[in-house]
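A.B. asks: Have a look at this one before I ask anything.
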Amino acid sequence: MSTLILALAAGAVVGLALGGLGGGGSVLAVPALIYLLGFTPAAATTAALLIVIATSLTGLVAHARDGHVRWRTGGLFAVAGIVPAAVAGALSVRIPAGVLTAAFAVLAVVAAVRMIRPRVPARCEAASAGPNTADAADRTGAGRVARAGAGLGAVTGFLGVGGGFLAVPALVTVLAVPMTAAVGTSLLVITVNSTAALATRLTTPTSLDWAVIAPFTAAAVLGAWDGKRLATKVSTAALQRIFGAALLAVALFMLVDAVT
């Protein structure tokens, strides 16, 4: 029963992060699966992809209903990451568990710092304040979008993260997508990249505890809807700082555990 409660609680937090911020779910899911629910690093990163795919799809539907998804930019961004995600996913299963945990912890620290101290250019903040229907792929060029997408895909495949905590800043700062649209668009990118990474991981036998994954995923899906509603009532900056502080504490713990 305690395992079920932990899975439900962790899933709800992951869903809130993905629904409210468009990212951060998988970097919270992996340590929860490892340290709270007893998964190995390899199994945790694979399970996290399953959970994030289901949750991101839920959040994507909610944001799409409000018109907050840039389909052309997000589609190009995501397609560019499919091959890198698949290749990196195949390579990651050959990496020692300690190295994988340390690499994930370092990335999680970076993600936490980005959440706590986001760098959003003034021109992007201004764009997010009002309607802006121009597509980023038209303004910045398809090549720039594709390069950013390929890099994110490689990170997704290697570390089993959806990459939303990197996709949102990239969409805002590199591609000048307004914040409200970046959150929704990132969920499209996360879904495609995570699916590509998962496809390669499932070719390698990995023991997954579905009695834990199923309730975790269900709670995350419900949490995504609540996260979407929460984002309309609480500022994005406040949500980022809350999740960032929690993630930083978890990341530092993981880093100490990996090197000791």
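Naming works like this for the structure tokens: A, B, ... for the chains as they're shown, residue 1 at the start of each chain, ligands 1 onward in shown order.
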Using only C-alpha atoms, what table do you get, as a tab-separated table, when you list each residue of stretch 178-205 of chain A with an atom no more than 12 Å from stretch 221-238 of chain A, its nearest pair of atoms, and their distance in Å rounded to one decimal, rows by chain then rising number?
C.D. replies:
residue	atom	partner	partner_atom	distance
A:Met179	CA	A:Thr236	CA	8.8
A:Thr180	CA	A:Thr236	CA	9.2
A:Ala182	CA	A:Thr236	CA	11.8
A:Val183	CA	A:Thr236	CA	9.9
A:Gly184	CA	A:Lys228	CA	9.8
A:Leu187	CA	A:Ala224	CA	11.0
A.B. asks: Now that the selection is made, can you save its residues with N, CA and C atoms as a PDB file, in the first residue's frame?
C.D. replies:
ATOM      1  N   MET A 179       5.874  32.738 -24.337  1.00  0.00           N
ATOM      2  CA  MET A 179       5.895  31.728 -23.279  1.00  0.00           C
ATOM      3  C   MET A 179       4.647  30.856 -23.271  1.00  0.00           C
ATOM      4  N   THR A 180       3.469  31.463 -23.428  1.00  0.00           N
ATOM      5  CA  THR A 180       2.244  30.671 -23.379  1.00  0.00           C
ATOM      6  C   THR A 180       2.217  29.621 -24.484  1.00  0.00           C
ATOM      7  N   ALA A 182       4.986  28.471 -25.989  1.00  0.00           N
ATOM      8  CA  ALA A 182       6.143  27.592 -25.807  1.00  0.00           C
ATOM      9  C   ALA A 182       5.804  26.410 -24.907  1.00  0.00           C
ATOM     10  N   VAL A 183       5.020  26.650 -23.870  1.00  0.00           N
ATOM     11  CA  VAL A 183       4.634  25.572 -22.953  1.00  0.00           C
ATOM     12  C   VAL A 183       3.831  24.509 -23.700  1.00  0.00           C
ATOM     13  N   GLY A 184       2.833  24.929 -24.461  1.00  0.00           N
ATOM     14  CA  GLY A 184       2.023  23.972 -25.210  1.00  0.00           C
ATOM     15  C   GLY A 184       2.810  23.284 -26.307  1.00  0.00           C
ATOM     16  N   LEU A 187       5.142  20.386 -25.316  1.00  0.00           N
ATOM     17  CA  LEU A 187       4.503  19.087 -25.065  1.00  0.00           C
ATOM     18  C   LEU A 187       4.430  18.251 -26.343  1.00  0.00           C
TER      19      LEU A 187
END
A.B. asks: Identify, on the basis of only C-alpha atoms, every residue whose closest approach to A:Ala211 does not exceed 12 Å; exclude the query and any residue fewer than 4 positions from it along the same chain; express the result as a PDB file with all heavy atoms, in the first residue's frame.
C.D. replies:
ATOM      1  N   MET A   1       0.826  -1.210   0.000  1.00  0.00           N
ATOM      2  CA  MET A   1       0.000   0.000   0.000  1.00  0.00           C
ATOM      3  C   MET A   1       0.859   1.259   0.000  1.00  0.00           C
ATOM      4  O   MET A   1       0.559   2.237  -0.672  1.00  0.00           O
ATOM      5  CB  MET A   1      -0.923   0.002   1.228  1.00  0.00           C
ATOM      6  CG  MET A   1      -1.869   1.204   1.283  1.00  0.00           C
ATOM      7  SD  MET A   1      -2.981   1.320  -0.134  1.00  0.00           S
ATOM      8  CE  MET A   1      -4.057  -0.076   0.217  1.00  0.00           C
ATOM      9  N   THR A   3       3.778   1.637  -1.302  1.00  0.00           N
ATOM     10  CA  THR A   3       4.321   1.818  -2.647  1.00  0.00           C
ATOM     11  C   THR A   3       3.297   2.469  -3.565  1.00  0.00           C
ATOM     12  O   THR A   3       3.622   3.360  -4.350  1.00  0.00           O
ATOM     13  CB  THR A   3       4.755   0.467  -3.240  1.00  0.00           C
ATOM     14  OG1 THR A   3       5.776  -0.112  -2.419  1.00  0.00           O
ATOM     15  CG2 THR A   3       5.293   0.633  -4.651  1.00  0.00           C
ATOM     16  N   LEU A   4       2.048   2.041  -3.450  1.00  0.00           N
ATOM     17  CA  LEU A   4       0.980   2.624  -4.262  1.00  0.00           C
ATOM     18  C   LEU A   4       0.800   4.104  -3.942  1.00  0.00           C
ATOM     19  O   LEU A   4       0.661   4.928  -4.858  1.00  0.00           O
ATOM     20  CB  LEU A   4      -0.326   1.869  -4.013  1.00  0.00           C
ATOM     21  CG  LEU A   4      -1.574   2.415  -4.722  1.00  0.00           C
ATOM     22  CD1 LEU A   4      -1.386   2.383  -6.237  1.00  0.00           C
ATOM     23  CD2 LEU A   4      -2.809   1.618  -4.314  1.00  0.00           C
ATOM     24  N   ILE A   5       0.818   4.447  -2.661  1.00  0.00           N
ATOM     25  CA  ILE A   5       0.654   5.844  -2.257  1.00  0.00           C
ATOM     26  C   ILE A   5       1.805   6.694  -2.791  1.00  0.00           C
ATOM     27  O   ILE A   5       1.602   7.807  -3.301  1.00  0.00           O
ATOM     28  CB  ILE A   5       0.572   5.955  -0.720  1.00  0.00           C
ATOM     29  CG1 ILE A   5      -0.719   5.300  -0.220  1.00  0.00           C
ATOM     30  CG2 ILE A   5       0.626   7.423  -0.283  1.00  0.00           C
ATOM     31  CD1 ILE A   5      -0.823   5.216   1.285  1.00  0.00           C
ATOM     32  N   ALA A   7       3.650   6.050  -5.425  1.00  0.00           N
ATOM     33  CA  ALA A   7       3.516   6.143  -6.881  1.00  0.00           C
ATOM     34  C   ALA A   7       2.479   7.197  -7.268  1.00  0.00           C
ATOM     35  O   ALA A   7       2.685   7.987  -8.195  1.00  0.00           O
ATOM     36  CB  ALA A   7       3.141   4.781  -7.468  1.00  0.00           C
ATOM     37  N   LEU A   8       1.360   7.217  -6.542  1.00  0.00           N
ATOM     38  CA  LEU A   8       0.304   8.188  -6.835  1.00  0.00           C
ATOM     39  C   LEU A   8       0.766   9.618  -6.532  1.00  0.00           C
ATOM     40  O   LEU A   8       0.507  10.540  -7.316  1.00  0.00           O
ATOM     41  CB  LEU A   8      -0.950   7.863  -6.020  1.00  0.00           C
ATOM     42  CG  LEU A   8      -1.695   6.574  -6.413  1.00  0.00           C
ATOM     43  CD1 LEU A   8      -2.783   6.271  -5.392  1.00  0.00           C
ATOM     44  CD2 LEU A   8      -2.293   6.694  -7.816  1.00  0.00           C
ATOM     45  N   LEU A  37      10.799   4.267  -5.324  1.00  0.00           N
ATOM     46  CA  LEU A  37      10.099   3.065  -5.773  1.00  0.00           C
ATOM     47  C   LEU A  37      11.029   1.929  -6.164  1.00  0.00           C
ATOM     48  O   LEU A  37      10.564   0.884  -6.628  1.00  0.00           O
ATOM     49  CB  LEU A  37       9.176   3.439  -6.943  1.00  0.00           C
ATOM     50  CG  LEU A  37       8.117   4.497  -6.563  1.00  0.00           C
ATOM     51  CD1 LEU A  37       7.427   5.058  -7.799  1.00  0.00           C
ATOM     52  CD2 LEU A  37       7.091   3.905  -5.608  1.00  0.00           C
ATOM     53  N   ALA A  47      10.849   3.683 -17.873  1.00  0.00           N
ATOM     54  CA  ALA A  47       9.503   3.896 -17.330  1.00  0.00           C
ATOM     55  C   ALA A  47       9.117   5.364 -17.397  1.00  0.00           C
ATOM     56  O   ALA A  47       7.947   5.701 -17.674  1.00  0.00           O
ATOM     57  CB  ALA A  47       9.444   3.401 -15.888  1.00  0.00           C
ATOM     58  N   PRO A 215      -0.330   3.097 -11.807  1.00  0.00           N
ATOM     59  CA  PRO A 215      -0.896   4.170 -10.965  1.00  0.00           C
ATOM     60  C   PRO A 215      -0.097   5.469 -11.058  1.00  0.00           C
ATOM     61  O   PRO A 215      -0.670   6.560 -10.967  1.00  0.00           O
ATOM     62  CB  PRO A 215      -0.832   3.582  -9.553  1.00  0.00           C
ATOM     63  CG  PRO A 215       0.177   2.492  -9.610  1.00  0.00           C
ATOM     64  CD  PRO A 215       0.106   1.936 -10.995  1.00  0.00           C
ATOM     65  N   PHE A 216       1.207   5.359 -11.234  1.00  0.00           N
ATOM     66  CA  PHE A 216       2.053   6.546 -11.398  1.00  0.00           C
ATOM     67  C   PHE A 216       1.578   7.337 -12.619  1.00  0.00           C
ATOM     68  O   PHE A 216       1.388   8.558 -12.563  1.00  0.00           O
ATOM     69  CB  PHE A 216       3.512   6.100 -11.583  1.00  0.00           C
ATOM     70  CG  PHE A 216       4.533   7.186 -11.391  1.00  0.00           C
ATOM     71  CD1 PHE A 216       5.493   7.073 -10.397  1.00  0.00           C
ATOM     72  CD2 PHE A 216       4.556   8.305 -12.208  1.00  0.00           C
ATOM     73  CE1 PHE A 216       6.448   8.066 -10.215  1.00  0.00           C
ATOM     74  CE2 PHE A 216       5.508   9.300 -12.039  1.00  0.00           C
ATOM     75  CZ  PHE A 216       6.462   9.185 -11.041  1.00  0.00           C
ATOM     76  N   THR A 217       1.368   6.627 -13.727  1.00  0.00           N
ATOM     77  CA  THR A 217       0.936   7.276 -14.967  1.00  0.00           C
ATOM     78  C   THR A 217      -0.460   7.871 -14.826  1.00  0.00           C
ATOM     79  O   THR A 217      -0.719   8.996 -15.280  1.00  0.00           O
ATOM     80  CB  THR A 217       0.945   6.271 -16.126  1.00  0.00           C
ATOM     81  OG1 THR A 217       2.257   5.704 -16.246  1.00  0.00           O
ATOM     82  CG2 THR A 217       0.568   6.937 -17.436  1.00  0.00           C
ATOM     83  N   ALA A 218      -1.366   7.133 -14.210  1.00  0.00           N
ATOM     84  CA  ALA A 218      -2.739   7.622 -14.029  1.00  0.00           C
ATOM     85  C   ALA A 218      -2.755   8.912 -13.212  1.00  0.00           C
ATOM     86  O   ALA A 218      -3.456   9.882 -13.565  1.00  0.00           O
ATOM     87  CB  ALA A 218      -3.589   6.554 -13.344  1.00  0.00           C
TER      88      ALA A 218
END
A.B. asks: Could you name the residues that touch stretch 84-101 of chain A at 10 Å or less, counting only C-alpha atoms, but leaving out those on the same chain fewer than 4 positions away, as a ChimeraX atom specification?
C.D. replies: /A:30-31,34,40-43,45-46,78-80,105-107,149-160,192-204,206,251,254-255,257-260
A.B. asks: Atom CA of A:Ile53 and atom CA of A:Asp66 are how many Å apart?
C.D. replies: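 According to the coordinates, atom CA of A:Ile53 and atom CA of A:Asp66 are separated by 20.3 Å.
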A.B. asks: In terms of the shortest atom-to-atom distance over only C-alpha atoms, which of A:Val145, A:Leu171, A:Val256, A:Val250 is closest to A:Leu36?
C.D. replies: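 Checking each candidate against A:Leu36, we get A:Val250 as the closest.
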A.B. asks: Do a neighbour search on A:Gly67 at 10 Å with only C-alpha atoms, toss out local chain neighbours closer than 3 positions, and write the hits as a PDB file with all heavy atoms, in the first residue's frame.
C.D. replies:
ATOM      1  N   VAL A  61      -3.313  18.094 -25.473  1.00  0.00           N
ATOM      2  CA  VAL A  61      -4.728  18.267 -25.838  1.00  0.00           C
ATOM      3  C   VAL A  61      -5.305  19.503 -25.156  1.00  0.00           C
ATOM      4  O   VAL A  61      -6.003  20.315 -25.782  1.00  0.00           O
ATOM      5  CB  VAL A  61      -5.545  17.011 -25.461  1.00  0.00           C
ATOM      6  CG1 VAL A  61      -7.041  17.275 -25.615  1.00  0.00           C
ATOM      7  CG2 VAL A  61      -5.124  15.827 -26.325  1.00  0.00           C
ATOM      8  N   ALA A  62      -4.993  19.671 -23.878  1.00  0.00           N
ATOM      9  CA  ALA A  62      -5.521  20.806 -23.127  1.00  0.00           C
ATOM     10  C   ALA A  62      -5.021  22.129 -23.696  1.00  0.00           C
ATOM     11  O   ALA A  62      -5.783  23.089 -23.862  1.00  0.00           O
ATOM     12  CB  ALA A  62      -5.136  20.680 -21.657  1.00  0.00           C
ATOM     13  N   HIS A  63      -3.741  22.212 -24.006  1.00  0.00           N
ATOM     14  CA  HIS A  63      -3.168  23.452 -24.536  1.00  0.00           C
ATOM     15  C   HIS A  63      -3.621  23.704 -25.965  1.00  0.00           C
ATOM     16  O   HIS A  63      -3.805  24.867 -26.366  1.00  0.00           O
ATOM     17  CB  HIS A  63      -1.640  23.402 -24.463  1.00  0.00           C
ATOM     18  CG  HIS A  63      -1.090  23.638 -23.093  1.00  0.00           C
ATOM     19  ND1 HIS A  63      -0.870  24.905 -22.589  1.00  0.00           N
ATOM     20  CD2 HIS A  63      -0.725  22.776 -22.109  1.00  0.00           C
ATOM     21  CE1 HIS A  63      -0.397  24.806 -21.361  1.00  0.00           C
ATOM     22  NE2 HIS A  63      -0.293  23.534 -21.042  1.00  0.00           N
ATOM     23  N   ALA A  64      -3.792  22.633 -26.745  1.00  0.00           N
ATOM     24  CA  ALA A  64      -4.245  22.794 -28.128  1.00  0.00           C
ATOM     25  C   ALA A  64      -5.650  23.378 -28.169  1.00  0.00           C
ATOM     26  O   ALA A  64      -5.979  24.174 -29.068  1.00  0.00           O
ATOM     27  CB  ALA A  64      -4.199  21.448 -28.852  1.00  0.00           C
ATOM     28  N   ARG A  70       2.150  25.812 -31.356  1.00  0.00           N
ATOM     29  CA  ARG A  70       2.651  26.199 -32.674  1.00  0.00           C
ATOM     30  C   ARG A  70       3.000  24.908 -33.418  1.00  0.00           C
ATOM     31  O   ARG A  70       4.091  24.351 -33.239  1.00  0.00           O
ATOM     32  CB  ARG A  70       3.883  27.092 -32.533  1.00  0.00           C
ATOM     33  CG  ARG A  70       3.602  28.411 -31.841  1.00  0.00           C
ATOM     34  CD  ARG A  70       2.703  29.308 -32.699  1.00  0.00           C
ATOM     35  NE  ARG A  70       2.312  30.514 -31.989  1.00  0.00           N
ATOM     36  CZ  ARG A  70       3.045  31.619 -31.938  1.00  0.00           C
ATOM     37  NH1 ARG A  70       4.222  31.660 -32.516  1.00  0.00           N
ATOM     38  NH2 ARG A  70       2.591  32.669 -31.296  1.00  0.00           N
ATOM     39  N   TRP A  71       2.087  24.413 -34.204  1.00  0.00           N
ATOM     40  CA  TRP A  71       2.219  23.078 -34.785  1.00  0.00           C
ATOM     41  C   TRP A  71       3.388  22.974 -35.766  1.00  0.00           C
ATOM     42  O   TRP A  71       4.096  21.965 -35.782  1.00  0.00           O
ATOM     43  CB  TRP A  71       0.917  22.679 -35.479  1.00  0.00           C
ATOM     44  CG  TRP A  71      -0.224  22.511 -34.522  1.00  0.00           C
ATOM     45  CD1 TRP A  71      -1.227  23.392 -34.269  1.00  0.00           C
ATOM     46  CD2 TRP A  71      -0.443  21.398 -33.636  1.00  0.00           C
ATOM     47  NE1 TRP A  71      -2.073  22.902 -33.296  1.00  0.00           N
ATOM     48  CE2 TRP A  71      -1.617  21.680 -32.894  1.00  0.00           C
ATOM     49  CE3 TRP A  71       0.230  20.196 -33.414  1.00  0.00           C
ATOM     50  CZ2 TRP A  71      -2.131  20.798 -31.945  1.00  0.00           C
ATOM     51  CZ3 TRP A  71      -0.279  19.314 -32.470  1.00  0.00           C
ATOM     52  CH2 TRP A  71      -1.443  19.618 -31.739  1.00  0.00           C
ATOM     53  N   THR A 133       0.676  35.506 -33.741  1.00  0.00           N
ATOM     54  CA  THR A 133       0.348  34.285 -34.464  1.00  0.00           C
ATOM     55  C   THR A 133       1.418  33.876 -35.445  1.00  0.00           C
ATOM     56  O   THR A 133       1.323  32.830 -36.060  1.00  0.00           O
ATOM     57  CB  THR A 133      -0.978  34.468 -35.227  1.00  0.00           C
ATOM     58  OG1 THR A 133      -0.850  35.594 -36.113  1.00  0.00           O
ATOM     59  CG2 THR A 133      -2.123  34.725 -34.266  1.00  0.00           C
ATOM     60  N   THR A 180       3.469  31.463 -23.428  1.00  0.00           N
ATOM     61  CA  THR A 180       2.244  30.671 -23.379  1.00  0.00           C
ATOM     62  C   THR A 180       2.217  29.621 -24.484  1.00  0.00           C
ATOM     63  O   THR A 180       1.785  28.486 -24.265  1.00  0.00           O
ATOM     64  CB  THR A 180       1.012  31.584 -23.523  1.00  0.00           C
ATOM     65  OG1 THR A 180       1.166  32.412 -24.676  1.00  0.00           O
ATOM     66  CG2 THR A 180       0.838  32.455 -22.294  1.00  0.00           C
ATOM     67  N   ALA A 181       2.704  29.977 -25.668  1.00  0.00           N
ATOM     68  CA  ALA A 181       2.743  29.023 -26.773  1.00  0.00           C
ATOM     69  C   ALA A 181       3.894  28.038 -26.615  1.00  0.00           C
ATOM     70  O   ALA A 181       3.804  26.885 -27.046  1.00  0.00           O
ATOM     71  CB  ALA A 181       2.865  29.762 -28.109  1.00  0.00           C
ATOM     72  N   GLY A 184       2.833  24.929 -24.461  1.00  0.00           N
ATOM     73  CA  GLY A 184       2.023  23.972 -25.210  1.00  0.00           C
ATOM     74  C   GLY A 184       2.810  23.284 -26.307  1.00  0.00           C
ATOM     75  O   GLY A 184       2.698  22.068 -26.508  1.00  0.00           O
TER      76      GLY A 184
END
A.B. asks: Return the single residue from A:Leu50, A:Ile242, A:Ala112, A:Leu16 that is closest to A:Ile213, with distances computed using only C-alpha atoms.
C.D. replies: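 Residue with the minimum atom-to-atom distance to A:Ile213: A:Leu50.
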A.B. asks: Which residue, A:Leu252, A:Ile190, A:Leu76, A:Ala10, has the smallest gap to A:Ala102 when you use only C-alpha atoms?
C.D. replies: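 Between A:Leu252, A:Ile190, A:Leu76, A:Ala10, the residue approaching A:Ala102 most closely is A:Leu252.
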A.B. asks: Extract the full set of alpha helix (DSSP H) residues from stretch 54-237 of chain A according to DSSP on the backbone, and format it as a PyMOL selection string.
C.D. replies: chain A and resi 54-65+71-80+82-92+97-116+122-128+136-140+142-159+164-169+179-201+210-231+236-237
A.B. asks: Just checking: using only C-alpha atoms, which residue out of A:Met115, A:Leu18, A:Ala220, A:Leu248 ends up closest to A:Leu188?
C.D. replies: A:Leu18
